[in-house]
$ cat upload.tsv   # TSV, C-alpha atoms
chain	number	residue	atom	x	y	z
J	347	MET	CA	21.63	-1.50	-6.74
J	348	GLN	CA	19.12	-1.09	-9.57
J	349	THR	CA	20.04	1.56	-12.15
J	350	LYS	CA	17.28	1.33	-14.79
J	351	PRO	CA	13.53	0.70	-14.87
J	352	THR	CA	12.43	-2.84	-15.62
J	353	LEU	CA	10.60	-3.29	-18.91
J	354	ILE	CA	7.72	-5.75	-18.55
J	355	ASP	CA	7.57	-8.03	-21.54
J	356	CYS	CA	3.81	-8.22	-21.87
J	357	GLN	CA	0.79	-5.98	-22.29
J	358	PRO	CA	-1.77	-5.17	-19.57
J	359	PRO	CA	-3.68	-6.48	-17.82
J	360	TYR	CA	-1.11	-7.74	-15.32
J	361	TYR	CA	-0.64	-7.00	-11.61
J	362	VAL	CA	1.68	-4.87	-9.51
J	363	VAL	CA	2.41	-5.20	-5.80
J	364	THR	CA	3.66	-1.90	-4.38
J	365	PHE	CA	5.67	-2.20	-1.17
J	366	ALA	CA	6.75	1.04	0.52
J	367	ASN	CA	8.78	0.46	3.67
J	368	LYS	CA	10.80	2.03	6.45
J	369	LYS	CA	13.52	-0.27	7.72
J	370	THR	CA	14.72	-0.37	11.32
J	371	ALA	CA	18.33	0.11	12.40
J	372	THR	CA	18.47	-3.67	13.03
J	373	GLN	CA	19.41	-5.08	9.66
J	374	GLN	CA	21.26	-8.19	10.80
J	375	GLY	CA	20.50	-10.98	8.34
J	376	TYR	CA	18.35	-8.74	6.16
J	377	SER	CA	20.49	-8.55	3.04
J	378	GLU	CA	21.07	-12.32	2.97
J	379	THR	CA	17.34	-12.99	3.25
J	380	LEU	CA	16.57	-10.34	0.65
J	381	MET	CA	18.93	-12.03	-1.80
J	382	GLN	CA	17.26	-15.39	-1.11
J	383	ILE	CA	13.81	-13.89	-1.60
J	384	LEU	CA	14.71	-12.15	-4.87
J	385	ALA	CA	16.26	-15.36	-6.23
J	386	LEU	CA	13.13	-17.28	-5.20
J	387	ALA	CA	10.80	-14.66	-6.72
J	388	GLN	CA	12.47	-14.94	-10.09
J	389	LYS	CA	11.69	-18.65	-10.20
J	390	GLN	CA	8.01	-18.17	-9.33
J	391	LYS	CA	5.21	-18.88	-11.73
J	392	GLY	CA	3.81	-15.61	-13.03
J	393	PHE	CA	6.73	-13.38	-11.97
J	394	LEU	CA	7.26	-10.64	-14.57
J	395	GLY	CA	9.89	-8.42	-12.95
J	396	LEU	CA	10.46	-5.83	-10.25
J	397	ASP	CA	11.70	-2.32	-9.57
J	398	SER	CA	13.37	-1.64	-6.24
J	399	CYS	CA	14.94	1.44	-4.73
J	400	SER	CA	16.00	2.60	-1.27
J	401	ASN	CA	17.47	5.83	0.05
J	402	ALA	CA	19.94	6.80	2.77
J	403	GLU	CA	17.10	7.22	5.29
J	404	ASN	CA	16.20	3.50	5.18
J	405	PHE	CA	13.05	4.27	3.22
J	406	GLY	CA	12.43	2.03	0.21
J	407	ILE	CA	9.95	1.11	-2.50
J	408	THR	CA	9.72	-2.23	-4.30
J	409	ASN	CA	7.19	-2.74	-7.08
J	410	SER	CA	6.89	-6.33	-8.28
J	411	TYR	CA	4.94	-7.37	-11.37
J	412	TRP	CA	2.90	-10.55	-11.74
J	413	GLU	CA	0.64	-12.26	-14.25
J	414	SER	CA	-2.28	-12.90	-11.89
J	415	LEU	CA	-3.67	-12.52	-8.37
J	416	ALA	CA	-3.24	-16.26	-7.85
J	417	ASP	CA	0.49	-15.92	-8.59
J	418	ILE	CA	0.76	-13.09	-6.03
J	419	LYS	CA	-1.07	-15.11	-3.38
J	420	ASN	CA	1.16	-18.10	-3.98
J	421	TRP	CA	4.27	-15.95	-3.81
J	422	LYS	CA	3.13	-14.24	-0.58
J	423	GLN	CA	2.73	-17.58	1.14
J	424	GLN	CA	6.20	-18.68	0.09
J	425	SER	CA	7.94	-15.42	0.92
J	426	ASP	CA	6.21	-15.07	4.30
J	427	HIS	CA	7.38	-18.56	5.14
J	428	LEU	CA	10.95	-17.78	4.15
J	429	ILE	CA	10.96	-14.57	6.18
J	430	ALA	CA	9.49	-16.36	9.20
J	431	GLN	CA	12.23	-18.97	8.94
J	432	ASN	CA	14.73	-16.17	9.18
J	433	LYS	CA	14.72	-13.17	11.48
J	434	GLY	CA	11.13	-12.07	11.13
J	435	LYS	CA	9.78	-9.01	9.41
J	436	GLU	CA	9.23	-7.20	12.71
J	437	ARG	CA	12.97	-6.87	13.23
J	438	TRP	CA	13.65	-5.36	9.84
J	439	TYR	CA	10.66	-3.18	9.13
J	440	GLU	CA	9.49	-0.32	11.28
J	441	CYS	CA	6.43	0.05	9.06
J	442	TYR	CA	5.24	-0.68	5.55
J	443	THR	CA	2.28	-0.37	3.22
J	444	VAL	CA	1.27	-2.79	0.49
J	445	ASN	CA	-1.08	-2.30	-2.47
J	446	ILE	CA	-2.13	-5.04	-4.87
J	447	ALA	CA	-3.33	-3.48	-8.10
J	448	LYS	CA	-4.41	-4.47	-11.59
J	449	VAL	CA	-2.43	-2.63	-14.28
J	450	GLU	CA	-4.80	-1.24	-16.90
J	451	HIS	CA	-2.36	0.93	-18.91
J	452	SER	CA	1.40	1.08	-19.23
J	453	TYR	CA	3.91	3.01	-21.30
J	454	ALA	CA	7.63	3.62	-21.46
J	455	PHE	CA	10.07	6.25	-22.65
J	456	ASN	CA	13.68	5.70	-23.71
J	457	SER	CA	15.78	8.63	-24.89
J	458	GLY	CA	18.02	6.27	-26.86
J	459	GLU	CA	15.21	5.09	-29.15
L	606	MET	CA	13.74	13.00	1.34
L	607	GLN	CA	10.86	10.72	2.30
L	608	THR	CA	11.45	8.61	5.39
L	609	LYS	CA	8.16	6.73	5.94
L	610	PRO	CA	5.47	5.12	3.78
L	611	THR	CA	2.39	7.21	3.08
L	612	LEU	CA	-0.82	5.89	4.62
L	613	ILE	CA	-3.74	6.32	2.23
L	614	ASP	CA	-6.79	7.51	4.10
L	615	CYS	CA	-9.38	5.48	2.22
L	616	GLN	CA	-10.19	1.91	1.31
L	617	PRO	CA	-9.77	0.33	-2.17
L	618	PRO	CA	-10.68	0.67	-4.89
L	619	TYR	CA	-8.43	3.61	-5.71
L	620	TYR	CA	-5.64	4.00	-8.28
L	621	VAL	CA	-1.86	3.99	-8.26
L	622	VAL	CA	0.49	5.40	-10.91
L	623	THR	CA	3.91	3.73	-10.70
L	624	PHE	CA	6.77	5.73	-12.22
L	625	ALA	CA	10.19	4.05	-12.35
L	626	ASN	CA	12.87	6.28	-13.85
L	627	LYS	CA	16.54	6.69	-14.65
L	628	LYS	CA	17.61	10.31	-14.58
L	629	THR	CA	20.29	11.78	-16.83
L	630	ALA	CA	23.37	13.63	-15.59
L	631	THR	CA	21.68	16.87	-16.75
L	632	GLN	CA	19.59	17.89	-13.81
L	633	GLN	CA	19.58	21.65	-14.31
L	634	GLY	CA	16.17	22.99	-13.30
L	635	TYR	CA	14.93	19.54	-12.30
L	636	SER	CA	14.60	19.99	-8.54
L	637	GLU	CA	12.80	23.33	-8.91
L	638	THR	CA	10.29	21.82	-11.35
L	639	LEU	CA	9.86	18.75	-9.16
L	640	MET	CA	8.97	20.97	-6.20
L	641	GLN	CA	6.45	22.86	-8.36
L	642	ILE	CA	4.92	19.62	-9.60
L	643	LEU	CA	4.60	18.11	-6.13
L	644	ALA	CA	2.98	21.29	-4.80
L	645	LEU	CA	0.60	21.27	-7.75
L	646	ALA	CA	-0.22	17.54	-7.31
L	647	GLN	CA	-1.26	18.04	-3.72
L	648	LYS	CA	-3.88	20.58	-4.80
L	649	GLN	CA	-5.36	18.30	-7.46
L	650	LYS	CA	-8.81	16.81	-7.23
L	651	GLY	CA	-8.55	13.15	-6.33
L	652	PHE	CA	-4.93	13.21	-5.12
L	653	LEU	CA	-4.53	10.78	-2.19
L	654	GLY	CA	-0.77	10.78	-1.58
L	655	LEU	CA	2.55	9.55	-2.94
L	656	ASP	CA	5.65	7.55	-2.10
L	657	SER	CA	8.92	8.60	-3.71
L	658	CYS	CA	12.46	7.30	-3.45
L	659	SER	CA	15.69	7.63	-5.41
L	660	ASN	CA	19.13	6.12	-5.01
L	661	ALA	CA	22.71	7.27	-5.63
L	662	GLU	CA	22.63	5.82	-9.17
L	663	ASN	CA	19.94	8.29	-10.31
L	664	PHE	CA	17.35	5.52	-10.34
L	665	GLY	CA	14.03	6.38	-8.72
L	666	ILE	CA	10.48	5.20	-8.10
L	667	THR	CA	7.45	7.40	-7.44
L	668	ASN	CA	4.06	5.85	-6.72
L	669	SER	CA	1.19	8.34	-6.61
L	670	TYR	CA	-2.31	7.47	-5.42
L	671	TRP	CA	-5.54	8.82	-6.89
L	672	GLU	CA	-9.27	8.43	-6.46
L	673	SER	CA	-10.10	7.77	-10.13
L	674	LEU	CA	-8.77	7.38	-13.67
L	675	ALA	CA	-10.30	10.74	-14.58
L	676	ASP	CA	-8.24	12.41	-11.83
L	677	ILE	CA	-5.07	10.79	-13.20
L	678	LYS	CA	-5.82	11.90	-16.74
L	679	ASN	CA	-6.49	15.45	-15.60
L	680	TRP	CA	-3.28	15.49	-13.58
L	681	LYS	CA	-1.21	14.10	-16.47
L	682	GLN	CA	-2.37	16.91	-18.73
L	683	GLN	CA	-1.46	19.55	-16.16
L	684	SER	CA	1.91	18.06	-15.20
L	685	ASP	CA	2.94	17.46	-18.84
L	686	HIS	CA	2.20	21.10	-19.51
L	687	LEU	CA	4.28	22.26	-16.59
L	688	ILE	CA	7.20	20.04	-17.58
L	689	ALA	CA	7.01	21.25	-21.18
L	690	GLN	CA	7.10	24.84	-19.95
L	691	ASN	CA	10.33	24.03	-18.21
L	692	LYS	CA	13.29	22.08	-19.52
L	693	GLY	CA	11.50	19.15	-21.06
L	694	LYS	CA	11.44	15.60	-19.79
L	695	GLU	CA	13.95	14.48	-22.39
L	696	ARG	CA	16.70	16.39	-20.63
L	697	TRP	CA	16.03	14.91	-17.22
L	698	TYR	CA	15.02	11.34	-17.91
L	699	GLU	CA	17.12	8.79	-19.72
L	700	CYS	CA	14.22	6.34	-19.59
L	701	TYR	CA	11.13	5.57	-17.57
L	702	THR	CA	8.19	3.20	-17.29
L	703	VAL	CA	4.67	4.06	-16.12
L	704	ASN	CA	1.86	1.77	-14.98
L	705	ILE	CA	-1.66	2.91	-14.16
L	706	ALA	CA	-3.32	0.36	-11.93
L	707	LYS	CA	-6.50	-0.15	-9.91
L	708	VAL	CA	-5.77	-1.03	-6.29
L	709	GLU	CA	-7.89	-3.99	-5.24
L	710	HIS	CA	-6.33	-4.78	-1.84
L	711	SER	CA	-4.14	-2.86	0.57
L	712	TYR	CA	-2.68	-3.41	4.02
L	713	ALA	CA	-0.16	-1.83	6.34
L	714	PHE	CA	2.13	-2.81	9.19
L	715	ASN	CA	3.43	-0.53	11.95
L	716	SER	CA	5.68	-1.94	14.66
L	717	GLY	CA	4.59	0.84	17.02
L	718	GLU	CA	0.96	-0.25	17.05

$ encode --input "upload.tsv" --output "structure tokens"
Amino acid sequence: MQTKPTLIDCQPPYYVVTFANKKTATQQGYSETLMQILALAQKQKGFLGLDSCSNAENFGITNSYWESLADIKNWKQQSDHLIAQNKGKERWYECYTVNIAKVEHSYAFNSGE
Amino acid sequence: MQTKPTLIDCQPPYYVVTFANKKTATQQGYSETLMQILALAQKQKGFLGLDSCSNAENFGITNSYWESLADIKNWKQQSDHLIAQNKGKERWYECYTVNIAKVEHSYAFNSGE
């Protein structure tokens, strides 16, 4: 479970993929596939980091950060393939929304600094 | 507590503000101010919606959606003022990151459709 925001180690412009989702009650195989996907993402060209959070109502948000649109497209093809090889997104997600957006400004705050 | 992704009722381009945060143990006054801020946001010019989620470790993500950069700037000035009038963000947030990004593509999936 993530406990702190991810600091992206570069300046804009870069890209964010926002993924807001409601999971179904059928989560068989989900956590294993999620672990595989996260491990795969971290090896991808252009991957900068991610923030991910879910609540007790099976609602979650994952924001992943990428260097370019081409990197996102490449990653989508790989991750879709991996999911299809497993149980299929329709079993795990009741609904979701995705936005692909170009980050123009970013800033951070840390009370310890 | 949010249970489903927010469907934005317009096509890109629009803007998203991603806010990933770690809250402190000192949450006195936080929930009241959050309610005020969310009520205020929904009345703002250019506000399109938001997705918000937090976990048991006090880590959270809020993505808010806006028509334009000018709307975001206007909202930031108002919300900063409201927060300053209350306890101050330094009491509630240990750290956070913010990205302001232009949405170029979006899509949604709903298993009921």

$ closest_atom_pairs --input "upload.tsv" --of "chain J" --to "chain L" --cutoff "8 Å" --atoms "all atoms listed in the file" --output "tab-separated table"
residue	atom	partner	partner_atom	distance
J:Met347	CA	L:Glu662	CA	7.8
J:Gln348	CA	L:Phe664	CA	6.9
J:Thr349	CA	L:Phe664	CA	5.1
J:Lys350	CA	L:Lys627	CA	5.4
J:Pro351	CA	L:Ala625	CA	5.4
J:Thr352	CA	L:Thr702	CA	7.6
J:Leu353	CA	L:Thr702	CA	7.1
J:Tyr361	CA	L:Ala706	CA	7.8
J:Val362	CA	L:Ala706	CA	7.6
J:Ala366	CA	L:Pro610	CA	5.4
J:Asn367	CA	L:Pro610	CA	5.7
J:Lys368	CA	L:Lys609	CA	5.4
J:Asp397	CA	L:Ala625	CA	7.1
J:Ser398	CA	L:Ile666	CA	7.7
J:Cys399	CA	L:Ser659	CA	6.3
J:Ser400	CA	L:Asn660	CA	6.0
J:Asn401	CA	L:Asn660	CA	5.3
J:Ala402	CA	L:Asn660	CA	7.9
J:Glu403	CA	L:Thr608	CA	5.8
J:Asn404	CA	L:Thr608	CA	7.0
J:Phe405	CA	L:Thr608	CA	5.1
J:Gly406	CA	L:Cys658	CA	6.4
J:Ile407	CA	L:Cys658	CA	6.7
J:Glu436	CA	L:Ser716	CA	6.6
J:Tyr439	CA	L:Ser716	CA	7.5
J:Glu440	CA	L:Ser716	CA	5.3
J:Cys441	CA	L:Asn715	CA	4.2
J:Tyr442	CA	L:Phe714	CA	5.2
J:Thr443	CA	L:Ala713	CA	4.2
J:Val444	CA	L:Tyr712	CA	5.3
J:Asn445	CA	L:Ser711	CA	4.3
J:Ile446	CA	L:His710	CA	5.2
J:Ala447	CA	L:Val708	CA	3.9
J:Lys448	CA	L:Ala706	CA	5.0
J:Val449	CA	L:Ala706	CA	3.9
J:Glu450	CA	L:Ala706	CA	5.4
J:His451	CA	L:Ile705	CA	5.2
J:Ser452	CA	L:Asn704	CA	4.3
J:Tyr453	CA	L:Val703	CA	5.3
J:Ala454	CA	L:Thr702	CA	4.2
J:Phe455	CA	L:Cys700	CA	5.2
J:Asn456	CA	L:Cys700	CA	4.2
J:Ser457	CA	L:Glu699	CA	5.3
J:Gly458	CA	L:Glu699	CA	7.6

$ calpha_fit_and_write --input "upload.tsv" --fixed "chain L" --moving "chain J" --output "PDB file with C-alpha atoms, keeping the file's coordinate frame"
ATOM      1  CA  MET J 347      13.750  13.027   1.350  1.00  0.00           C
ATOM      2  CA  GLN J 348      10.863  10.737   2.299  1.00  0.00           C
ATOM      3  CA  THR J 349      11.462   8.617   5.410  1.00  0.00           C
ATOM      4  CA  LYS J 350       8.171   6.739   5.941  1.00  0.00           C
ATOM      5  CA  PRO J 351       5.489   5.127   3.779  1.00  0.00           C
ATOM      6  CA  THR J 352       2.413   7.212   3.072  1.00  0.00           C
ATOM      7  CA  LEU J 353      -0.799   5.905   4.605  1.00  0.00           C
ATOM      8  CA  ILE J 354      -3.730   6.339   2.218  1.00  0.00           C
ATOM      9  CA  ASP J 355      -6.778   7.506   4.093  1.00  0.00           C
ATOM     10  CA  CYS J 356      -9.359   5.485   2.213  1.00  0.00           C
ATOM     11  CA  GLN J 357     -10.178   1.907   1.296  1.00  0.00           C
ATOM     12  CA  PRO J 358      -9.757   0.351  -2.169  1.00  0.00           C
ATOM     13  CA  PRO J 359     -10.673   0.675  -4.905  1.00  0.00           C
ATOM     14  CA  TYR J 360      -8.412   3.618  -5.721  1.00  0.00           C
ATOM     15  CA  TYR J 361      -5.629   4.010  -8.298  1.00  0.00           C
ATOM     16  CA  VAL J 362      -1.844   4.007  -8.269  1.00  0.00           C
ATOM     17  CA  VAL J 363       0.497   5.406 -10.909  1.00  0.00           C
ATOM     18  CA  THR J 364       3.905   3.730 -10.704  1.00  0.00           C
ATOM     19  CA  PHE J 365       6.762   5.725 -12.218  1.00  0.00           C
ATOM     20  CA  ALA J 366      10.184   4.054 -12.338  1.00  0.00           C
ATOM     21  CA  ASN J 367      12.862   6.273 -13.847  1.00  0.00           C
ATOM     22  CA  LYS J 368      16.532   6.686 -14.643  1.00  0.00           C
ATOM     23  CA  LYS J 369      17.612  10.310 -14.590  1.00  0.00           C
ATOM     24  CA  THR J 370      20.306  11.766 -16.833  1.00  0.00           C
ATOM     25  CA  ALA J 371      23.380  13.615 -15.583  1.00  0.00           C
ATOM     26  CA  THR J 372      21.699  16.858 -16.752  1.00  0.00           C
ATOM     27  CA  GLN J 373      19.591  17.862 -13.790  1.00  0.00           C
ATOM     28  CA  GLN J 374      19.613  21.624 -14.279  1.00  0.00           C
ATOM     29  CA  GLY J 375      16.206  22.963 -13.272  1.00  0.00           C
ATOM     30  CA  TYR J 376      14.930  19.529 -12.285  1.00  0.00           C
ATOM     31  CA  SER J 377      14.589  19.968  -8.538  1.00  0.00           C
ATOM     32  CA  GLU J 378      12.789  23.313  -8.895  1.00  0.00           C
ATOM     33  CA  THR J 379      10.299  21.814 -11.343  1.00  0.00           C
ATOM     34  CA  LEU J 380       9.857  18.743  -9.164  1.00  0.00           C
ATOM     35  CA  MET J 381       8.973  20.948  -6.201  1.00  0.00           C
ATOM     36  CA  GLN J 382       6.459  22.849  -8.350  1.00  0.00           C
ATOM     37  CA  ILE J 383       4.924  19.612  -9.597  1.00  0.00           C
ATOM     38  CA  LEU J 384       4.613  18.079  -6.121  1.00  0.00           C
ATOM     39  CA  ALA J 385       2.994  21.265  -4.786  1.00  0.00           C
ATOM     40  CA  LEU J 386       0.589  21.255  -7.746  1.00  0.00           C
ATOM     41  CA  ALA J 387      -0.214  17.544  -7.317  1.00  0.00           C
ATOM     42  CA  GLN J 388      -1.244  18.048  -3.724  1.00  0.00           C
ATOM     43  CA  LYS J 389      -3.861  20.574  -4.799  1.00  0.00           C
ATOM     44  CA  GLN J 390      -5.345  18.294  -7.469  1.00  0.00           C
ATOM     45  CA  LYS J 391      -8.795  16.826  -7.247  1.00  0.00           C
ATOM     46  CA  GLY J 392      -8.543  13.156  -6.346  1.00  0.00           C
ATOM     47  CA  PHE J 393      -4.920  13.207  -5.125  1.00  0.00           C
ATOM     48  CA  LEU J 394      -4.520  10.792  -2.199  1.00  0.00           C
ATOM     49  CA  GLY J 395      -0.764  10.797  -1.593  1.00  0.00           C
ATOM     50  CA  LEU J 396       2.550   9.560  -2.938  1.00  0.00           C
ATOM     51  CA  ASP J 397       5.654   7.564  -2.103  1.00  0.00           C
ATOM     52  CA  SER J 398       8.921   8.604  -3.712  1.00  0.00           C
ATOM     53  CA  CYS J 399      12.451   7.301  -3.443  1.00  0.00           C
ATOM     54  CA  SER J 400      15.688   7.638  -5.405  1.00  0.00           C
ATOM     55  CA  ASN J 401      19.135   6.121  -5.010  1.00  0.00           C
ATOM     56  CA  ALA J 402      22.709   7.257  -5.623  1.00  0.00           C
ATOM     57  CA  GLU J 403      22.628   5.818  -9.161  1.00  0.00           C
ATOM     58  CA  ASN J 404      19.933   8.284 -10.306  1.00  0.00           C
ATOM     59  CA  PHE J 405      17.347   5.515 -10.344  1.00  0.00           C
ATOM     60  CA  GLY J 406      14.025   6.383  -8.709  1.00  0.00           C
ATOM     61  CA  ILE J 407      10.478   5.203  -8.100  1.00  0.00           C
ATOM     62  CA  THR J 408       7.455   7.410  -7.435  1.00  0.00           C
ATOM     63  CA  ASN J 409       4.069   5.858  -6.717  1.00  0.00           C
ATOM     64  CA  SER J 410       1.200   8.344  -6.623  1.00  0.00           C
ATOM     65  CA  TYR J 411      -2.304   7.484  -5.434  1.00  0.00           C
ATOM     66  CA  TRP J 412      -5.537   8.826  -6.903  1.00  0.00           C
ATOM     67  CA  GLU J 413      -9.280   8.445  -6.486  1.00  0.00           C
ATOM     68  CA  SER J 414     -10.093   7.782 -10.147  1.00  0.00           C
ATOM     69  CA  LEU J 415      -8.752   7.384 -13.684  1.00  0.00           C
ATOM     70  CA  ALA J 416     -10.295  10.735 -14.594  1.00  0.00           C
ATOM     71  CA  ASP J 417      -8.248  12.410 -11.840  1.00  0.00           C
ATOM     72  CA  ILE J 418      -5.061  10.784 -13.194  1.00  0.00           C
ATOM     73  CA  LYS J 419      -5.821  11.900 -16.748  1.00  0.00           C
ATOM     74  CA  ASN J 420      -6.476  15.439 -15.600  1.00  0.00           C
ATOM     75  CA  TRP J 421      -3.281  15.487 -13.572  1.00  0.00           C
ATOM     76  CA  LYS J 422      -1.205  14.102 -16.475  1.00  0.00           C
ATOM     77  CA  GLN J 423      -2.356  16.900 -18.737  1.00  0.00           C
ATOM     78  CA  GLN J 424      -1.449  19.527 -16.162  1.00  0.00           C
ATOM     79  CA  SER J 425       1.905  18.042 -15.215  1.00  0.00           C
ATOM     80  CA  ASP J 426       2.943  17.450 -18.836  1.00  0.00           C
ATOM     81  CA  HIS J 427       2.170  21.078 -19.539  1.00  0.00           C
ATOM     82  CA  LEU J 428       4.227  22.259 -16.588  1.00  0.00           C
ATOM     83  CA  ILE J 429       7.171  20.078 -17.587  1.00  0.00           C
ATOM     84  CA  ALA J 430       6.967  21.283 -21.192  1.00  0.00           C
ATOM     85  CA  GLN J 431       7.026  24.869 -19.957  1.00  0.00           C
ATOM     86  CA  ASN J 432      10.253  24.066 -18.200  1.00  0.00           C
ATOM     87  CA  LYS J 433      13.219  22.095 -19.468  1.00  0.00           C
ATOM     88  CA  GLY J 434      11.453  19.128 -20.984  1.00  0.00           C
ATOM     89  CA  LYS J 435      11.382  15.574 -19.759  1.00  0.00           C
ATOM     90  CA  GLU J 436      13.913  14.453 -22.367  1.00  0.00           C
ATOM     91  CA  ARG J 437      16.668  16.387 -20.624  1.00  0.00           C
ATOM     92  CA  TRP J 438      16.027  14.892 -17.220  1.00  0.00           C
ATOM     93  CA  TYR J 439      15.030  11.322 -17.898  1.00  0.00           C
ATOM     94  CA  GLU J 440      17.127   8.784 -19.724  1.00  0.00           C
ATOM     95  CA  CYS J 441      14.225   6.337 -19.581  1.00  0.00           C
ATOM     96  CA  TYR J 442      11.122   5.572 -17.568  1.00  0.00           C
ATOM     97  CA  THR J 443       8.186   3.208 -17.292  1.00  0.00           C
ATOM     98  CA  VAL J 444       4.682   4.055 -16.136  1.00  0.00           C
ATOM     99  CA  ASN J 445       1.865   1.765 -14.977  1.00  0.00           C
ATOM    100  CA  ILE J 446      -1.657   2.912 -14.172  1.00  0.00           C
ATOM    101  CA  ALA J 447      -3.325   0.354 -11.941  1.00  0.00           C
ATOM    102  CA  LYS J 448      -6.496  -0.136  -9.932  1.00  0.00           C
ATOM    103  CA  VAL J 449      -5.767  -1.031  -6.298  1.00  0.00           C
ATOM    104  CA  GLU J 450      -7.901  -3.990  -5.247  1.00  0.00           C
ATOM    105  CA  HIS J 451      -6.326  -4.759  -1.836  1.00  0.00           C
ATOM    106  CA  SER J 452      -4.132  -2.833   0.559  1.00  0.00           C
ATOM    107  CA  TYR J 453      -2.682  -3.382   4.010  1.00  0.00           C
ATOM    108  CA  ALA J 454      -0.164  -1.818   6.344  1.00  0.00           C
ATOM    109  CA  PHE J 455       2.129  -2.797   9.184  1.00  0.00           C
ATOM    110  CA  ASN J 456       3.424  -0.537  11.954  1.00  0.00           C
ATOM    111  CA  SER J 457       5.684  -1.946  14.654  1.00  0.00           C
ATOM    112  CA  GLY J 458       4.620   0.824  17.033  1.00  0.00           C
ATOM    113  CA  GLU J 459       0.962  -0.249  17.069  1.00  0.00           C
TER     114      GLU J 459
END

$ axis_aligned_box --input "upload.tsv" --around "range 392-403 of chain J" --padding-each-side "4 Å" --output "lines of an AutoDock Vina configuration file"
center_x = 11.9
center_y = -4.2
center_z = -4.6
size_x = 24.1
size_y = 30.8
size_z = 27.9

$ atom_distance --input "upload.tsv" --atom1 "CA of Ile642 in chain L" --atom2 "CA of Leu674 in chain L"
18.8 Å

$ residues_around --input "upload.tsv" --residues "range 676-684 of chain L" --least-positions-apart "3" --cutoff "8 Å" --atoms "all atoms listed in the file" --output "PyMOL selection string"
chain L and resi 642+646+649-652+671-673+687-688

$ atom_distance --input "upload.tsv" --atom1 "CA of Gly634 in chain L" --atom2 "CA of Gln690 in chain L"
11.4 Å

$ atom_distance --input "upload.tsv" --atom1 "CA of Cys615 in chain L" --atom2 "CA of Ser410 in chain J"
22.7 Å

$ decode --input "upload.tsv" --residues "range 627-638 of chain L" --atoms "N, CA, C and O atoms" --output "PDB file, in the first residue's frame"
ATOM      1  N   LYS L 627       0.129  12.969   1.359  1.00  0.00           N
ATOM      2  CA  LYS L 627       0.246  12.198   2.595  1.00  0.00           C
ATOM      3  C   LYS L 627      -0.199  13.119   3.723  1.00  0.00           C
ATOM      4  O   LYS L 627       0.397  14.187   3.929  1.00  0.00           O
ATOM      5  N   LYS L 628      -1.249  12.725   4.416  1.00  0.00           N
ATOM      6  CA  LYS L 628      -1.755  13.562   5.498  1.00  0.00           C
ATOM      7  C   LYS L 628      -1.002  13.280   6.800  1.00  0.00           C
ATOM      8  O   LYS L 628      -0.484  12.181   7.002  1.00  0.00           O
ATOM      9  N   THR L 629      -0.966  14.278   7.662  1.00  0.00           N
ATOM     10  CA  THR L 629      -0.354  14.107   8.977  1.00  0.00           C
ATOM     11  C   THR L 629      -1.355  13.436   9.923  1.00  0.00           C
ATOM     12  O   THR L 629      -2.516  13.224   9.576  1.00  0.00           O
ATOM     13  N   ALA L 630      -0.910  13.175  11.132  1.00  0.00           N
ATOM     14  CA  ALA L 630      -1.812  12.624  12.150  1.00  0.00           C
ATOM     15  C   ALA L 630      -2.739  13.704  12.693  1.00  0.00           C
ATOM     16  O   ALA L 630      -3.757  13.411  13.332  1.00  0.00           O
ATOM     17  N   THR L 631      -2.392  14.975  12.438  1.00  0.00           N
ATOM     18  CA  THR L 631      -3.171  16.107  12.962  1.00  0.00           C
ATOM     19  C   THR L 631      -4.249  16.498  11.970  1.00  0.00           C
ATOM     20  O   THR L 631      -3.995  17.245  11.028  1.00  0.00           O
ATOM     21  N   GLN L 632      -5.429  15.954  12.173  1.00  0.00           N
ATOM     22  CA  GLN L 632      -6.491  16.203  11.198  1.00  0.00           C
ATOM     23  C   GLN L 632      -7.616  17.059  11.775  1.00  0.00           C
ATOM     24  O   GLN L 632      -8.710  17.102  11.214  1.00  0.00           O
ATOM     25  N   GLN L 633      -7.323  17.761  12.865  1.00  0.00           N
ATOM     26  CA  GLN L 633      -8.349  18.610  13.471  1.00  0.00           C
ATOM     27  C   GLN L 633      -8.796  19.704  12.490  1.00  0.00           C
ATOM     28  O   GLN L 633      -7.967  20.476  12.008  1.00  0.00           O
ATOM     29  N   GLY L 634     -10.066  19.762  12.219  1.00  0.00           N
ATOM     30  CA  GLY L 634     -10.606  20.781  11.316  1.00  0.00           C
ATOM     31  C   GLY L 634     -10.506  20.417   9.842  1.00  0.00           C
ATOM     32  O   GLY L 634     -11.069  21.114   8.999  1.00  0.00           O
ATOM     33  N   TYR L 635      -9.814  19.332   9.542  1.00  0.00           N
ATOM     34  CA  TYR L 635      -9.574  18.999   8.129  1.00  0.00           C
ATOM     35  C   TYR L 635     -10.870  18.653   7.396  1.00  0.00           C
ATOM     36  O   TYR L 635     -11.150  19.179   6.320  1.00  0.00           O
ATOM     37  N   SER L 636     -11.650  17.745   7.960  1.00  0.00           N
ATOM     38  CA  SER L 636     -12.825  17.260   7.228  1.00  0.00           C
ATOM     39  C   SER L 636     -13.842  18.380   7.007  1.00  0.00           C
ATOM     40  O   SER L 636     -14.467  18.448   5.938  1.00  0.00           O
ATOM     41  N   GLU L 637     -13.964  19.286   7.981  1.00  0.00           N
ATOM     42  CA  GLU L 637     -14.888  20.406   7.811  1.00  0.00           C
ATOM     43  C   GLU L 637     -14.424  21.311   6.660  1.00  0.00           C
ATOM     44  O   GLU L 637     -15.220  21.741   5.825  1.00  0.00           O
ATOM     45  N   THR L 638     -13.129  21.604   6.634  1.00  0.00           N
ATOM     46  CA  THR L 638     -12.588  22.457   5.573  1.00  0.00           C
ATOM     47  C   THR L 638     -12.683  21.769   4.217  1.00  0.00           C
ATOM     48  O   THR L 638     -13.018  22.396   3.204  1.00  0.00           O
TER      49      THR L 638
END
